[in-house]
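Undergrad: Following this message is one structure expressed as structure tokens.
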Amino acid sequence: MIVQDASQVHEQSDLRLAGQVCGILGALLLCFVAQFTLVGALKHERDQDRAHSDLRVDLANATAPVAALDDEGRLIEAGTPIAILEVPRLGVREVVGEGTSASALASGPGHLRSSVLPGQAGSSVIFGRRAGYGGPFAQINKVVPGDEIRVTTGQGEHRFQVQGVRRAGAPQRHTPQAGKGGLTLVTADGPYFMPTDVLWVDAKLTTDVVPSSGVLPSFAVPENERVMASDLTALVPVAIWALVLAAGAFAVVYLRQRIGRWQAWVVGVPLLGTLGLTLADHAAALLPNLI
């Protein structure tokens with residue numbers, strides 16, 4: 001009888017442990033959803049405020065980047081603010097950074113390195129998220145031909161006129177004539193968090209063309225900055241933070257069993273919440289960059 005009671009106690013202990021592990025995993029999933037949506041939107045706003053302040057200083061001092069390379073011939077650091085994008089119909093006003101990786105697009109729209117900057121001769125391409133991290137391009141499918149898009153760079157303000165919205169299977173995008181300029185906005189198409197394809201908004205430059213400083217060839221653009229690409233460089237931090245989270249979860253479970261439930265809650269909620277959000281932020285970079 002004593003052996004049976006001990007066995008039952010052991011079984012109940014195992015069930016409690018399994019329940020606690022499942023609870024932690026469920027909380028981790030909630031952290032991921034919160035990070036990608038609510039917390040991500042706050043992060044986007046914070047990064048936009050910071051980028052706007054930095055770009056405003058660069059524009060005032062005429063030091064804003066006007067090419068994909070700096071004065072020493074090196075790639076401009078990803079996320080460097082290069083332009084202000086405005087779509088009056090949608091109320092969109094976003095600072096555009098250099099680079100289009102998932103990590104870079106968490107802070108706002110990004111300029112494709114293999115395209116010219118807005119206002120220069122040729123087609124400039126800007127990527128933006130549809131759903132996560134504020135979803136700055138969530139409504140760009142609602143623009144109509146004739147709508148105006150304004151972009152301010154280190155070379156002045158440039159105005160574009162929307163030519164149309166394209167989806168999968170549509171004719172080839174609008175290509176500017178020799179010596180003319182164009183702009184293409186790119187985001188995911190389909191349900192917000194389950195995209196089915198890519199959506200493009202094409203516009204033509206209606207103001208004067210400004211000098212171009214050249215662009216990177218397509219093959220020089222990193223793989224993680226292409227359309228619907230994942231940022232595999234996030235795998236290392238994801239693995240590290242997953243281990244840290246696992247250690248924290250083990251410590252909380254141990255605290256729960258040795259000291260008490262409420263003590264574990266007091267320590268575990270802020271600890272695991274912070275670790276979960278940090279892990280979720282890095283893990284989000286493994287999703288397609290336009291979501």
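The chains in the structure tokens are called A, B, ... from first to last as shown; in each chain the residues are counted from 1, and the ligands are counted from 1 in the order shown.
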Might you pull out every residue within 10 Å of A:Ala138, with only C-alpha atoms counted and same-chain residues fewer than 6 positions away left off, and present them as number ranges by chain?
TA: A: 90, 128-132, 187-189, 192, 291
Undergrad: Those same residues, written as a PDB file, in the first residue's frame with C-alpha atoms?
TA:
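again11.pdb, freshly written:
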```
ATOM      1  CA  LEU A  90      -3.214  56.437 -46.844  1.00  0.00           C
ATOM      2  CA  GLY A 128       7.669  47.181 -46.374  1.00  0.00           C
ATOM      3  CA  ARG A 129       5.885  44.825 -43.991  1.00  0.00           C
ATOM      4  CA  ARG A 130       2.181  44.140 -44.405  1.00  0.00           C
ATOM      5  CA  ALA A 131       1.296  42.891 -40.897  1.00  0.00           C
ATOM      6  CA  GLY A 132       4.108  42.637 -38.376  1.00  0.00           C
ATOM      7  CA  THR A 187       4.828  44.022 -49.712  1.00  0.00           C
ATOM      8  CA  ALA A 188       3.160  40.675 -49.055  1.00  0.00           C
ATOM      9  CA  ASP A 189      -0.232  39.839 -50.575  1.00  0.00           C
ATOM     10  CA  TYR A 192      -2.128  39.423 -43.077  1.00  0.00           C
ATOM     11  CA  ILE A 291       4.947  39.746 -43.521  1.00  0.00           C
TER      12      ILE A 291
END
```
Undergrad: Leaving out A:Lys43 and any residue of its chain fewer than 4 positions from it, which residues lie within 12 Å of it when counting only C-alpha atoms, given as an MDAnalysis selection string?
TA: chainID A and resid 34:39 47:50 103 105:108 132:135 277 281
Undergrad: Any chance you could export the current selection's N, CA and C atoms as a short mmCIF file (atom, residue, chain, number, x, y, z; two decimals), in the first residue's frame?
TA:
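To be explicit, this is the file written out as out_18.cif:
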```cif
data_model
loop_
_atom_site.label_atom_id
_atom_site.label_comp_id
_atom_site.auth_asym_id
_atom_site.auth_seq_id
_atom_site.Cartn_x
_atom_site.Cartn_y
_atom_site.Cartn_z
N ALA A 34 2.59 38.46 -29.31
CA ALA A 34 2.65 39.82 -28.77
C ALA A 34 3.81 40.61 -29.36
N GLN A 35 4.96 39.95 -29.47
CA GLN A 35 6.14 40.63 -30.00
C GLN A 35 5.93 41.03 -31.45
N PHE A 36 5.33 40.15 -32.24
CA PHE A 36 5.16 40.41 -33.67
C PHE A 36 4.10 41.47 -33.95
N THR A 37 3.17 41.63 -33.01
CA THR A 37 2.07 42.57 -33.23
C THR A 37 2.17 43.78 -32.31
N LEU A 38 1.72 43.65 -31.07
CA LEU A 38 1.63 44.81 -30.18
C LEU A 38 2.99 45.38 -29.81
N VAL A 39 3.86 44.53 -29.26
CA VAL A 39 5.19 45.01 -28.87
C VAL A 39 5.99 45.43 -30.09
N ASP A 47 11.65 53.07 -33.17
CA ASP A 47 12.73 53.11 -34.16
C ASP A 47 12.48 54.21 -35.20
N GLN A 48 11.20 54.42 -35.55
CA GLN A 48 10.88 55.48 -36.51
C GLN A 48 11.19 56.86 -35.93
N ASP A 49 10.85 57.07 -34.68
CA ASP A 49 11.15 58.37 -34.05
C ASP A 49 12.66 58.63 -34.04
N ARG A 50 13.40 57.60 -33.70
CA ARG A 50 14.86 57.74 -33.65
C ARG A 50 15.43 57.98 -35.05
N SER A 103 15.15 41.70 -40.33
CA SER A 103 15.54 42.49 -39.16
C SER A 103 15.46 43.99 -39.46
N LEU A 105 13.58 45.47 -41.75
CA LEU A 105 12.20 45.89 -41.99
C LEU A 105 11.37 45.92 -40.72
N ALA A 106 11.91 45.42 -39.60
CA ALA A 106 11.19 45.54 -38.33
C ALA A 106 11.13 46.99 -37.87
N SER A 107 12.04 47.82 -38.37
CA SER A 107 12.08 49.23 -37.97
C SER A 107 11.34 50.14 -38.94
N GLY A 108 10.94 49.59 -40.11
CA GLY A 108 10.25 50.40 -41.10
C GLY A 108 10.60 49.95 -42.50
N GLY A 132 3.31 42.55 -39.58
CA GLY A 132 4.11 42.64 -38.38
C GLY A 132 4.80 43.97 -38.19
N TYR A 133 5.20 44.26 -36.96
CA TYR A 133 5.97 45.45 -36.62
C TYR A 133 5.36 46.74 -37.19
N GLY A 134 4.09 46.91 -36.89
CA GLY A 134 3.40 48.14 -37.30
C GLY A 134 2.75 48.06 -38.67
N GLY A 135 3.15 47.08 -39.50
CA GLY A 135 2.55 46.92 -40.83
C GLY A 135 2.46 48.21 -41.61
N LEU A 277 9.96 37.43 -24.91
CA LEU A 277 9.84 38.50 -25.89
C LEU A 277 11.15 38.68 -26.66
N ASP A 281 11.50 38.12 -30.66
CA ASP A 281 11.98 39.18 -31.55
C ASP A 281 13.00 38.63 -32.54
#
```
Undergrad: From a DSSP pass on the backbone, collect the residues of stretch 71-237 of chain A flagged as strand (DSSP E or B) and hand them back as a compact mmCIF listing (two decimals) with N, CA and C atoms, in the first residue's frame.
TA:
```
# COMPACT_ATOMS: atom_id res chain seq x y z
N LEU A 75 29.54 49.16 -48.08
CA LEU A 75 28.09 49.14 -48.01
C LEU A 75 27.60 49.98 -46.84
N PRO A 81 18.97 55.40 -41.99
CA PRO A 81 17.87 56.16 -42.60
C PRO A 81 18.34 56.93 -43.83
N ILE A 82 17.59 56.79 -44.94
CA ILE A 82 18.00 57.44 -46.18
C ILE A 82 16.91 58.30 -46.80
N ALA A 83 15.65 58.13 -46.39
CA ALA A 83 14.57 58.87 -47.04
C ALA A 83 13.33 58.90 -46.16
N ILE A 84 12.42 59.82 -46.49
CA ILE A 84 11.10 59.88 -45.87
C ILE A 84 10.07 59.62 -46.95
N LEU A 85 9.26 58.59 -46.76
CA LEU A 85 8.24 58.19 -47.72
C LEU A 85 6.87 58.64 -47.24
N GLU A 86 6.10 59.31 -48.11
CA GLU A 86 4.77 59.78 -47.76
C GLU A 86 3.76 59.34 -48.82
N VAL A 87 2.66 58.75 -48.37
CA VAL A 87 1.54 58.40 -49.25
C VAL A 87 0.32 59.10 -48.69
N VAL A 92 0.27 57.61 -44.75
CA VAL A 92 1.54 56.95 -44.45
C VAL A 92 2.67 57.96 -44.49
N ARG A 93 3.48 57.98 -43.45
CA ARG A 93 4.70 58.79 -43.42
C ARG A 93 5.74 57.97 -42.66
N GLU A 94 6.69 57.41 -43.39
CA GLU A 94 7.65 56.48 -42.83
C GLU A 94 9.07 56.86 -43.23
N VAL A 95 10.00 56.66 -42.30
CA VAL A 95 11.41 56.80 -42.62
C VAL A 95 11.87 55.49 -43.25
N VAL A 96 12.52 55.60 -44.39
CA VAL A 96 13.01 54.43 -45.11
C VAL A 96 14.47 54.20 -44.76
N GLY A 97 14.80 52.97 -44.39
CA GLY A 97 16.17 52.61 -44.08
C GLY A 97 16.82 51.88 -45.23
N GLU A 98 18.12 51.76 -45.18
CA GLU A 98 18.84 51.00 -46.20
C GLU A 98 18.80 49.52 -45.86
N GLY A 110 12.28 49.49 -46.16
CA GLY A 110 13.69 49.44 -46.51
C GLY A 110 13.92 49.56 -48.00
N HIS A 111 15.02 50.18 -48.35
CA HIS A 111 15.39 50.37 -49.76
C HIS A 111 16.20 49.19 -50.26
N GLN A 120 16.29 59.29 -58.62
CA GLN A 120 17.35 59.09 -59.59
C GLN A 120 16.82 58.36 -60.82
N GLY A 122 16.04 55.59 -63.31
CA GLY A 122 15.88 54.15 -63.10
C GLY A 122 14.76 53.87 -62.12
N SER A 123 14.61 52.63 -61.75
CA SER A 123 13.52 52.23 -60.86
C SER A 123 14.03 52.01 -59.44
N SER A 124 13.46 52.73 -58.49
CA SER A 124 13.80 52.57 -57.09
C SER A 124 12.78 51.63 -56.45
N VAL A 125 13.25 50.72 -55.60
CA VAL A 125 12.37 49.71 -54.99
C VAL A 125 12.44 49.82 -53.47
N ILE A 126 11.27 49.86 -52.85
CA ILE A 126 11.18 49.94 -51.39
C ILE A 126 10.29 48.82 -50.88
N PHE A 127 10.81 48.02 -49.95
CA PHE A 127 10.06 46.94 -49.31
C PHE A 127 9.42 47.45 -48.02
N GLU A 148 -0.62 60.40 -55.50
CA GLU A 148 0.74 60.93 -55.38
C GLU A 148 1.50 60.24 -54.25
N ILE A 149 2.78 60.01 -54.50
CA ILE A 149 3.71 59.51 -53.48
C ILE A 149 4.87 60.50 -53.43
N ARG A 150 5.24 60.91 -52.22
CA ARG A 150 6.36 61.84 -52.07
C ARG A 150 7.49 61.16 -51.30
N VAL A 151 8.70 61.38 -51.79
CA VAL A 151 9.88 60.83 -51.12
C VAL A 151 10.92 61.93 -50.99
N THR A 152 11.39 62.14 -49.77
CA THR A 152 12.43 63.14 -49.52
C THR A 152 13.74 62.43 -49.23
N THR A 153 14.78 62.76 -49.98
CA THR A 153 16.11 62.19 -49.78
C THR A 153 17.12 63.32 -49.62
N GLY A 156 16.72 66.09 -52.21
CA GLY A 156 15.51 66.90 -52.31
C GLY A 156 14.24 66.08 -52.24
N GLU A 157 13.11 66.74 -52.53
CA GLU A 157 11.81 66.06 -52.51
C GLU A 157 11.46 65.60 -53.92
N HIS A 158 11.01 64.37 -54.03
CA HIS A 158 10.67 63.78 -55.32
C HIS A 158 9.22 63.33 -55.28
N ARG A 159 8.50 63.59 -56.35
CA ARG A 159 7.08 63.24 -56.42
C ARG A 159 6.86 62.18 -57.49
N PHE A 160 6.00 61.24 -57.13
CA PHE A 160 5.69 60.14 -58.04
C PHE A 160 4.17 60.04 -58.20
N GLN A 161 3.76 59.54 -59.36
CA GLN A 161 2.34 59.31 -59.64
C GLN A 161 2.10 57.82 -59.79
N VAL A 162 1.18 57.28 -59.00
CA VAL A 162 0.89 55.84 -59.04
C VAL A 162 0.37 55.44 -60.41
N GLN A 163 0.94 54.37 -60.96
CA GLN A 163 0.50 53.82 -62.24
C GLN A 163 -0.45 52.65 -62.08
N GLY A 164 -0.31 51.91 -60.98
CA GLY A 164 -1.21 50.79 -60.76
C GLY A 164 -0.67 49.84 -59.70
N VAL A 165 -1.51 48.88 -59.32
CA VAL A 165 -1.16 47.85 -58.34
C VAL A 165 -1.11 46.52 -59.06
N ARG A 166 -0.04 45.78 -58.84
CA ARG A 166 0.14 44.47 -59.50
C ARG A 166 0.15 43.35 -58.47
N GLY A 181 12.68 58.35 -64.08
CA GLY A 181 12.71 57.68 -62.79
C GLY A 181 11.39 57.02 -62.44
N GLY A 182 11.45 56.01 -61.59
CA GLY A 182 10.24 55.32 -61.16
C GLY A 182 10.41 54.81 -59.73
N LEU A 183 9.30 54.35 -59.16
CA LEU A 183 9.30 53.85 -57.79
C LEU A 183 8.37 52.65 -57.71
N THR A 184 8.82 51.60 -57.02
CA THR A 184 7.99 50.42 -56.80
C THR A 184 7.97 50.11 -55.30
N LEU A 185 6.77 50.07 -54.73
CA LEU A 185 6.59 49.66 -53.34
C LEU A 185 6.21 48.19 -53.33
N VAL A 186 6.82 47.41 -52.45
CA VAL A 186 6.63 45.96 -52.44
C VAL A 186 6.24 45.49 -51.05
N THR A 187 5.23 44.62 -50.98
CA THR A 187 4.83 44.02 -49.71
C THR A 187 4.20 42.66 -49.98
N ALA A 188 3.79 41.98 -48.91
CA ALA A 188 3.16 40.68 -49.06
C ALA A 188 1.70 40.85 -49.48
N ASP A 189 1.16 39.82 -50.13
CA ASP A 189 -0.23 39.84 -50.58
C ASP A 189 -0.97 38.66 -49.95
N ASP A 197 1.38 35.61 -51.77
CA ASP A 197 2.27 36.07 -52.84
C ASP A 197 2.78 37.46 -52.51
N VAL A 198 3.18 38.19 -53.54
CA VAL A 198 3.76 39.52 -53.39
C VAL A 198 2.91 40.53 -54.15
N LEU A 199 2.82 41.74 -53.60
CA LEU A 199 2.07 42.83 -54.21
C LEU A 199 3.02 43.98 -54.52
N TRP A 200 2.83 44.60 -55.69
CA TRP A 200 3.68 45.71 -56.12
C TRP A 200 2.82 46.93 -56.44
N VAL A 201 3.30 48.09 -56.08
CA VAL A 201 2.69 49.36 -56.48
C VAL A 201 3.72 50.12 -57.30
N ASP A 202 3.38 50.38 -58.56
CA ASP A 202 4.31 51.07 -59.46
C ASP A 202 3.94 52.54 -59.60
N ALA A 203 4.95 53.40 -59.63
CA ALA A 203 4.72 54.83 -59.79
C ALA A 203 5.83 55.42 -60.66
N LYS A 204 5.51 56.51 -61.34
CA LYS A 204 6.51 57.16 -62.19
C LYS A 204 6.89 58.51 -61.59
N LEU A 205 8.12 58.89 -61.78
CA LEU A 205 8.64 60.16 -61.27
C LEU A 205 8.06 61.32 -62.09
N VAL A 210 17.34 63.40 -60.58
CA VAL A 210 18.57 63.87 -59.94
C VAL A 210 19.71 62.92 -60.28
```
Undergrad: Just want the 7 Å neighbourhood of A:Ala104, counted on only C-alpha atoms, with same-chain residues fewer than 5 positions away dropped. Output as a PyMOL selection string.
TA: chain A and resi 78-79+99+110
Undergrad: With C-alpha atoms retained, write the just-selected residues as a PDB file, in the first residue's frame.
TA:
```
ATOM      1  CA  ALA A  78      21.607  48.129 -42.809  1.00  0.00           C
ATOM      2  CA  GLY A  79      18.943  50.285 -41.227  1.00  0.00           C
ATOM      3  CA  GLY A  99      18.504  47.242 -46.654  1.00  0.00           C
ATOM      4  CA  GLY A 110      13.691  49.436 -46.512  1.00  0.00           C
TER       5      GLY A 110
END
```
Undergrad: Would you compute the distance between atom CA of A:Val116 and atom CA of A:Ala68? Give it in Å to one decimal.
TA: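 Atom-to-atom, atom CA of A:Val116 to atom CA of A:Ala68, that is 8.2 Å.
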Undergrad: DSSP on the backbone, then: every residue of stretch 88-284 of chain A marked alpha helix (DSSP H), written as a ChimeraX atom specification.
TA: /A:102-105,235-258,261-284
Undergrad: Would you compute the distance between atom CA of A:Leu290 and atom CA of A:Gln139? Give it in Å to one decimal.
TA: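 So the answer is 13.3 Å.
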Undergrad: With distances taken over only C-alpha atoms, which of A:Cys22, A:Glu225, A:Pro88, A:Leu69 is nearest to A:Ala249?
TA: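 For A:Ala249, the nearest of the given residues is A:Cys22.
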Undergrad: Could you produce a table of the residues of stretch 37-149 of chain A lying within 8 Å of stretch 226-246 of chain A, with the nearest pair of atoms per residue and their separation in Å rounded to one decimal, using only C-alpha atoms, ordered by chain and increasing residue number, as a Markdown table?
TA:
```
| residue | atom | partner | partner_atom | distance |
| --- | --- | --- | --- | --- |
| A:Thr100 | CA | A:Arg226 | CA | 7.1 |
| A:Ser101 | CA | A:Asp231 | CA | 6.2 |
| A:Ala102 | CA | A:Asp231 | CA | 5.8 |
| A:Ser103 | CA | A:Asp231 | CA | 7.1 |
```
Undergrad: Could you work out how far atom CA of A:Gly190 lies from atom CA of A:Thr278, giving the answer in Å with one decimal?
TA: 28.0 Å
Undergrad: For A:Val215, which residue among A:Leu29, A:Leu279, A:Ala264, A:Leu117 is the nearest when counting only C-alpha atoms?
TA: A:Leu117
